[in-house]
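For reference, run-v3.cif is printed below; it contains mmCIF, C-alpha atoms and all ligand atoms.
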data_data
loop_
_atom_site.group_PDB
_atom_site.id
_atom_site.type_symbol
_atom_site.label_atom_id
_atom_site.label_comp_id
_atom_site.auth_asym_id
_atom_site.auth_seq_id
_atom_site.Cartn_x
_atom_site.Cartn_y
_atom_site.Cartn_z
ATOM 1 C CA MET O 1 156.573 307.014 121.453
ATOM 2 C CA VAL O 2 158.880 308.939 119.135
ATOM 3 C CA GLN O 3 159.324 306.854 115.987
ATOM 4 C CA ARG O 4 161.768 308.828 113.852
ATOM 5 C CA ILE O 5 162.661 312.307 112.702
ATOM 6 C CA ASP O 6 159.768 313.111 110.395
ATOM 7 C CA HIS O 7 161.274 316.259 108.942
ATOM 8 C CA LEU O 8 163.562 319.209 109.415
ATOM 9 C CA GLY O 9 161.873 322.592 108.995
ATOM 10 C CA ILE O 10 164.051 325.106 107.144
ATOM 11 C CA ALA O 11 163.163 328.790 106.979
ATOM 12 C CA VAL O 12 163.653 330.465 103.583
ATOM 13 C CA ARG O 13 162.770 333.867 102.180
ATOM 14 C CA SER O 14 161.378 332.436 98.946
ATOM 15 C CA LEU O 15 160.457 328.895 97.924
ATOM 16 C CA GLU O 16 161.029 329.770 94.270
ATOM 17 C CA ASP O 17 164.589 330.921 95.016
ATOM 18 C CA SER O 18 165.393 328.005 97.347
ATOM 19 C CA ILE O 19 163.896 324.972 95.602
ATOM 20 C CA PRO O 20 166.436 325.009 92.726
ATOM 21 C CA TYR O 21 169.295 324.553 95.209
ATOM 22 C CA TYR O 22 167.739 321.375 96.625
ATOM 23 C CA GLU O 23 166.833 320.063 93.171
ATOM 24 C CA LYS O 24 169.982 320.964 91.252
ATOM 25 C CA ALA O 25 172.762 320.828 93.865
ATOM 26 C CA LEU O 26 171.401 317.912 95.914
ATOM 27 C CA GLY O 27 169.332 316.108 93.288
ATOM 28 C CA LEU O 28 166.195 315.996 95.463
ATOM 29 C CA LYS O 29 162.715 316.385 94.037
ATOM 30 C CA CYS O 30 160.089 318.766 95.374
ATOM 31 C CA GLU O 31 157.051 316.593 96.177
ATOM 32 C CA HIS O 32 154.487 319.252 96.785
ATOM 33 C CA ILE O 33 153.926 322.858 97.764
ATOM 34 C CA GLU O 34 151.211 323.716 100.244
ATOM 35 C CA GLU O 35 150.032 326.834 102.023
ATOM 36 C CA VAL O 36 149.369 326.461 105.773
ATOM 37 C CA PRO O 37 147.162 329.400 106.788
ATOM 38 C CA SER O 38 147.323 328.543 110.518
ATOM 39 C CA GLN O 39 151.091 329.164 110.478
ATOM 40 C CA LYS O 40 151.082 331.873 107.771
ATOM 41 C CA VAL O 41 153.562 329.950 105.642
ATOM 42 C CA ARG O 42 153.935 328.233 102.302
ATOM 43 C CA THR O 43 155.786 324.943 102.521
ATOM 44 C CA ALA O 44 157.672 322.756 100.046
ATOM 45 C CA PHE O 45 158.440 319.108 100.865
ATOM 46 C CA PHE O 46 161.338 316.935 99.735
ATOM 47 C CA HIS O 47 161.794 313.212 100.439
ATOM 48 C CA VAL O 48 165.188 312.360 101.911
ATOM 49 C CA GLY O 49 165.077 308.632 102.578
ATOM 50 C CA GLU O 50 162.593 308.028 105.406
ATOM 51 C CA THR O 51 162.536 311.665 106.408
ATOM 52 C CA HIS O 52 161.725 314.955 104.717
ATOM 53 C CA LEU O 53 162.827 318.523 104.410
ATOM 54 C CA GLU O 54 160.108 321.135 104.850
ATOM 55 C CA LEU O 55 161.021 324.526 103.422
ATOM 56 C CA LEU O 56 158.986 327.310 105.025
ATOM 57 C CA GLU O 57 158.351 330.677 103.400
ATOM 58 C CA PRO O 58 156.431 333.361 105.327
ATOM 59 C CA THR O 59 153.191 334.634 103.774
ATOM 60 C CA SER O 60 152.784 337.502 106.261
ATOM 61 C CA PRO O 61 155.033 339.708 108.432
ATOM 62 C CA GLU O 62 153.232 338.139 111.433
ATOM 63 C CA SER O 63 154.341 334.650 110.439
ATOM 64 C CA PRO O 64 156.646 332.933 112.954
ATOM 65 C CA ILE O 65 158.956 332.348 109.979
ATOM 66 C CA ALA O 66 159.095 336.090 109.211
ATOM 67 C CA LYS O 67 160.180 336.690 112.808
ATOM 68 C CA PHE O 68 162.815 333.938 112.521
ATOM 69 C CA LEU O 69 164.157 335.559 109.330
ATOM 70 C CA GLU O 70 164.495 338.903 111.122
ATOM 71 C CA LYS O 71 166.954 337.223 113.493
ATOM 72 C CA ASN O 72 168.485 334.926 110.865
ATOM 73 C CA PRO O 73 168.524 336.907 107.627
ATOM 74 C CA HIS O 74 169.941 334.018 105.563
ATOM 75 C CA GLY O 75 167.358 331.558 106.859
ATOM 76 C CA GLY O 76 168.388 328.217 108.311
ATOM 77 C CA VAL O 77 167.177 325.242 110.297
ATOM 78 C CA HIS O 78 164.010 326.327 112.110
ATOM 79 C CA HIS O 79 162.696 323.176 113.802
ATOM 80 C CA VAL O 80 163.078 319.424 114.191
ATOM 81 C CA ALA O 81 159.884 317.375 113.881
ATOM 82 C CA PHE O 82 159.515 313.976 115.524
ATOM 83 C CA ALA O 83 156.877 311.538 114.291
ATOM 84 C CA THR O 84 154.982 309.998 117.184
ATOM 85 C CA ASP O 85 152.228 307.412 117.433
ATOM 86 C CA ASN O 86 150.451 309.422 120.146
ATOM 87 C CA ILE O 87 150.824 313.169 120.053
ATOM 88 C CA ASP O 88 148.778 313.823 123.219
ATOM 89 C CA ALA O 89 150.848 311.348 125.238
ATOM 90 C CA GLN O 90 154.033 312.891 123.823
ATOM 91 C CA LEU O 91 152.931 316.378 124.889
ATOM 92 C CA ALA O 92 152.007 315.105 128.352
ATOM 93 C CA GLN O 93 155.397 313.428 128.732
ATOM 94 C CA ALA O 94 157.240 316.600 127.682
ATOM 95 C CA LYS O 95 155.119 318.692 130.052
ATOM 96 C CA ASP O 96 155.825 316.309 132.933
ATOM 97 C CA ALA O 97 159.534 316.651 132.134
ATOM 98 C CA GLY O 98 159.225 320.430 132.575
ATOM 99 C CA CYS O 99 158.992 321.520 128.936
ATOM 100 C CA GLN O 100 156.993 324.561 127.941
ATOM 101 C CA LEU O 101 154.319 323.682 125.385
ATOM 102 C CA ILE O 102 153.587 326.279 122.711
ATOM 103 C CA HIS O 103 150.411 324.339 121.896
ATOM 104 C CA GLU O 104 148.549 322.443 124.609
ATOM 105 C CA LYS O 105 146.393 320.857 121.908
ATOM 106 C CA PRO O 106 147.640 319.616 118.536
ATOM 107 C CA PHE O 107 146.329 321.387 115.441
ATOM 108 C CA GLU O 108 146.269 320.684 111.712
ATOM 109 C CA GLY O 109 149.599 321.424 110.070
ATOM 110 C CA ALA O 110 151.013 320.763 106.611
ATOM 111 C CA ALA O 111 150.921 317.395 104.826
ATOM 112 C CA ASN O 112 147.728 316.155 106.524
ATOM 113 C CA LYS O 113 149.280 315.936 109.969
ATOM 114 C CA LEU O 114 148.405 316.899 113.501
ATOM 115 C CA VAL O 115 151.224 318.982 114.951
ATOM 116 C CA ALA O 116 152.209 320.716 118.196
ATOM 117 C CA PHE O 117 155.360 322.558 119.227
ATOM 118 C CA LEU O 118 157.551 322.783 122.320
ATOM 119 C CA HIS O 119 159.208 326.080 123.171
ATOM 120 C CA PRO O 120 162.956 326.149 122.358
ATOM 121 C CA LYS O 121 163.709 327.765 125.733
ATOM 122 C CA SER O 122 162.751 324.463 127.320
ATOM 123 C CA THR O 123 164.208 322.072 124.700
ATOM 124 C CA GLN O 124 167.936 322.858 124.706
ATOM 125 C CA GLY O 125 167.490 325.569 122.088
ATOM 126 C CA VAL O 126 165.782 323.493 119.388
ATOM 127 C CA LEU O 127 162.214 324.353 118.430
ATOM 128 C CA THR O 128 160.636 320.906 118.611
ATOM 129 C CA GLU O 129 157.569 319.680 116.746
ATOM 130 C CA PHE O 130 155.615 316.506 117.319
ATOM 131 C CA CYS O 131 153.552 315.251 114.415
ATOM 132 C CA ALA O 132 151.174 312.385 113.798
ATOM 133 C CA PRO O 133 148.922 311.443 110.885
ATOM 134 C CA LEU O 134 145.631 313.352 110.960
ATOM 135 C CA GLU O 135 143.603 310.209 110.293
ATOM 136 C CA THR O 136 144.641 306.893 111.756
ATOM 137 C CA PRO O 137 145.075 304.307 109.007
ATOM 138 C CA HIS O 138 142.267 301.747 108.808
HETATM 139 ZN ZN ZN E 201 157.307 321.119 110.584
#
Please rewrite the model in this file as structure tokens.
Amino acid sequence: MVQRIDHLGIAVRSLEDSIPYYEKALGLKCEHIEEVPSQKVRTAFFHVGETHLELLEPTSPESPIAKFLEKNPHGGVHHVAFATDNIDAQLAQAKDAGCQLIHEKPFEGAANKLVAFLHPKSTQGVLTEFCAPLETPH
């Protein structure tokens, strides 16, 4: 079951250039910066109430974020991530509903989470991520 919007993913050219906007203009605080080799990005996270912003900077021209920036030179909202209590069931439900899965199996993303994406062609134009904690709490 989808529980909430976990985060919005925002593509940027440079974390160093973008973080000051969020800190100074919005008064948010950068929680941590993390490289995610599987997605060829560096990410910066900000708490916004119960949800987060995830800034994404490409670390390679092959990064999906580099390709997004080719089409959207100023950056912008890249994906919406929904927290779910069962990522496999969520993927199965989306598949049954006719959605195209980018990842049939969840993989390890940023912030200690399992993640998987649905293709925007099949989700009304919004790249959609499901995420769940990597380790279930004891
Ligand atoms: Zn994300």
Exercise: region 30-37 of chain O partners within 9 Å, all atoms listed in the file, chain neighbours under 3 positions left out, as a PyMOL selection string: chain O and resi 15+19+22-23+40-47+59+108-111
C-alpha atoms of the current selection, written as a short mmCIF file (atom, residue, chain, number, x, y, z; two decimals), in the coordinates of the input:
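Wrote it out as part-v8.cif, contents follow:
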data_model
loop_
_atom_site.label_atom_id
_atom_site.label_comp_id
_atom_site.auth_asym_id
_atom_site.auth_seq_id
_atom_site.Cartn_x
_atom_site.Cartn_y
_atom_site.Cartn_z
CA LEU O 15 160.46 328.90 97.92
CA ILE O 19 163.90 324.97 95.60
CA TYR O 22 167.74 321.38 96.62
CA GLU O 23 166.83 320.06 93.17
CA LYS O 40 151.08 331.87 107.77
CA VAL O 41 153.56 329.95 105.64
CA ARG O 42 153.94 328.23 102.30
CA THR O 43 155.79 324.94 102.52
CA ALA O 44 157.67 322.76 100.05
CA PHE O 45 158.44 319.11 100.86
CA PHE O 46 161.34 316.94 99.74
CA HIS O 47 161.79 313.21 100.44
CA THR O 59 153.19 334.63 103.77
CA GLU O 108 146.27 320.68 111.71
CA GLY O 109 149.60 321.42 110.07
CA ALA O 110 151.01 320.76 106.61
CA ALA O 111 150.92 317.40 104.83
#
Nearby residues, ligand ZN 201 (chain E), 8 Å, all atoms listed in the file, as a ChimeraX atom specification: /O:7-9,54,79-81,109-110,115,129,131
Long-range neighbours of Ile87 (chain O) as a list in words, 8 Å cut-off, only C-alpha atoms, 3 positions minimum in chain: Thr84, Gln90, Leu91, Pro106, Leu114, Val115, Ala116, Phe130, Cys131 and Ala132 of chain O
Spatial neighbours of Asn72 (chain O), 12 Å, all atoms listed in the file, chain gap at least 5 places, as a list of chain:residue names: O:Ile10, O:Ala11, O:Val12, O:Arg13, O:Ile65, O:Ala66, O:Lys67, O:Val77, O:His78
Between CA of Pro20 (chain O) and CA of Gly125 (chain O) - distance in Å to one decimal: 29.4 Å
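Checking O:Glu62, O:Asp88, O:Glu16, O:Glu57 one by one against Val2 (chain O), counting only C-alpha atoms, you find the shortest gap at O:Asp88.
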Expansion of the PyMOL selection byres (((chain O and resi 3) around 8) and not hetatm) into residues, as a VMD selection string: chain O and resid 1 to 2 4 to 5 82 to 85
Close residues, Gln100 (chain O) itself excluded, 12 Å, only C-alpha atoms, min 5 positions apart in chain, as number ranges by chain: O: 91-95, 116-124, 127-128
Test item: axis-aligned box, all listed atoms of region 29-36 of chain O, 4 Å on each side, centre and edges in Å rounded to one decimal, as AutoDock Vina command-line options:
--center_x 156.0 --center_y 321.6 --center_z 99.9 --size_x 21.3 --size_y 18.4 --size_z 19.7
Atomic separation - CA of Gly76 (chain O) relative to CA of Leu56 (chain O), Å: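 Separation of CA of Leu56 (chain O) and CA of Gly76 (chain O): 10.0 Å.
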Atomic distance CA of Asn86 (chain O) - CA of Asn112 (chain O), expressed in Å with one decimal: 15.4 Å
Given only C-alpha atoms as the counted atoms, nearest of O:Leu28, O:Leu101, O:Leu134, O:Ala89 to His52 (chain O):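 Under the stated criterion, the closest residue is O:Leu28.
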Could you complete region 71-85 of chain O so that it carries N, CA, C and O atoms, and give it back as an mmCIF file, in the coordinates of the input?
data_model
loop_
_atom_site.group_PDB
_atom_site.id
_atom_site.type_symbol
_atom_site.label_atom_id
_atom_site.label_comp_id
_atom_site.auth_asym_id
_atom_site.auth_seq_id
_atom_site.Cartn_x
_atom_site.Cartn_y
_atom_site.Cartn_z
ATOM 1 N N LYS O 71 165.771 337.547 112.671
ATOM 2 C CA LYS O 71 166.954 337.223 113.493
ATOM 3 C C LYS O 71 168.005 336.461 112.702
ATOM 4 O O LYS O 71 169.185 336.489 113.053
ATOM 5 N N ASN O 72 167.570 335.764 111.670
ATOM 6 C CA ASN O 72 168.485 334.926 110.865
ATOM 7 C C ASN O 72 168.258 335.273 109.394
ATOM 8 O O ASN O 72 167.534 334.559 108.689
ATOM 9 N N PRO O 73 168.868 336.369 108.943
ATOM 10 C CA PRO O 73 168.524 336.907 107.627
ATOM 11 C C PRO O 73 168.769 335.938 106.467
ATOM 12 O O PRO O 73 168.150 336.064 105.412
ATOM 13 N N HIS O 74 169.685 334.968 106.659
ATOM 14 C CA HIS O 74 169.941 334.018 105.563
ATOM 15 C C HIS O 74 169.059 332.780 105.669
ATOM 16 O O HIS O 74 169.219 331.840 104.886
ATOM 17 N N GLY O 75 168.167 332.755 106.643
ATOM 18 C CA GLY O 75 167.358 331.558 106.859
ATOM 19 C C GLY O 75 168.173 330.505 107.588
ATOM 20 O O GLY O 75 169.260 330.785 108.100
ATOM 21 N N GLY O 76 167.655 329.287 107.638
ATOM 22 C CA GLY O 76 168.388 328.217 108.311
ATOM 23 C C GLY O 76 167.434 327.220 108.934
ATOM 24 O O GLY O 76 166.209 327.316 108.760
ATOM 25 N N VAL O 77 168.008 326.273 109.674
ATOM 26 C CA VAL O 77 167.177 325.242 110.297
ATOM 27 C C VAL O 77 166.290 325.896 111.353
ATOM 28 O O VAL O 77 166.771 326.603 112.235
ATOM 29 N N HIS O 78 164.994 325.672 111.245
ATOM 30 C CA HIS O 78 164.010 326.327 112.110
ATOM 31 C C HIS O 78 163.478 325.381 113.182
ATOM 32 O O HIS O 78 163.315 325.757 114.319
ATOM 33 N N HIS O 79 163.183 324.132 112.808
ATOM 34 C CA HIS O 79 162.696 323.176 113.802
ATOM 35 C C HIS O 79 162.994 321.738 113.404
ATOM 36 O O HIS O 79 163.290 321.452 112.244
ATOM 37 N N VAL O 80 162.946 320.871 114.409
ATOM 38 C CA VAL O 80 163.078 319.424 114.191
ATOM 39 C C VAL O 80 161.736 318.809 114.554
ATOM 40 O O VAL O 80 161.176 319.118 115.615
ATOM 41 N N ALA O 81 161.198 317.986 113.656
ATOM 42 C CA ALA O 81 159.884 317.375 113.881
ATOM 43 C C ALA O 81 160.038 315.872 114.084
ATOM 44 O O ALA O 81 160.633 315.187 113.258
ATOM 45 N N PHE O 82 159.493 315.399 115.200
ATOM 46 C CA PHE O 82 159.515 313.976 115.524
ATOM 47 C C PHE O 82 158.145 313.375 115.246
ATOM 48 O O PHE O 82 157.131 313.893 115.726
ATOM 49 N N ALA O 83 158.124 312.283 114.487
ATOM 50 C CA ALA O 83 156.877 311.538 114.291
ATOM 51 C C ALA O 83 156.615 310.726 115.552
ATOM 52 O O ALA O 83 157.521 310.113 116.111
ATOM 53 N N THR O 84 155.370 310.749 115.993
ATOM 54 C CA THR O 84 154.982 309.998 117.184
ATOM 55 C C THR O 84 153.681 309.248 116.907
ATOM 56 O O THR O 84 152.880 309.675 116.067
ATOM 57 N N ASP O 85 153.479 308.141 117.620
ATOM 58 C CA ASP O 85 152.228 307.412 117.433
ATOM 59 C C ASP O 85 151.117 307.960 118.325
ATOM 60 O O ASP O 85 149.965 307.582 118.170
#
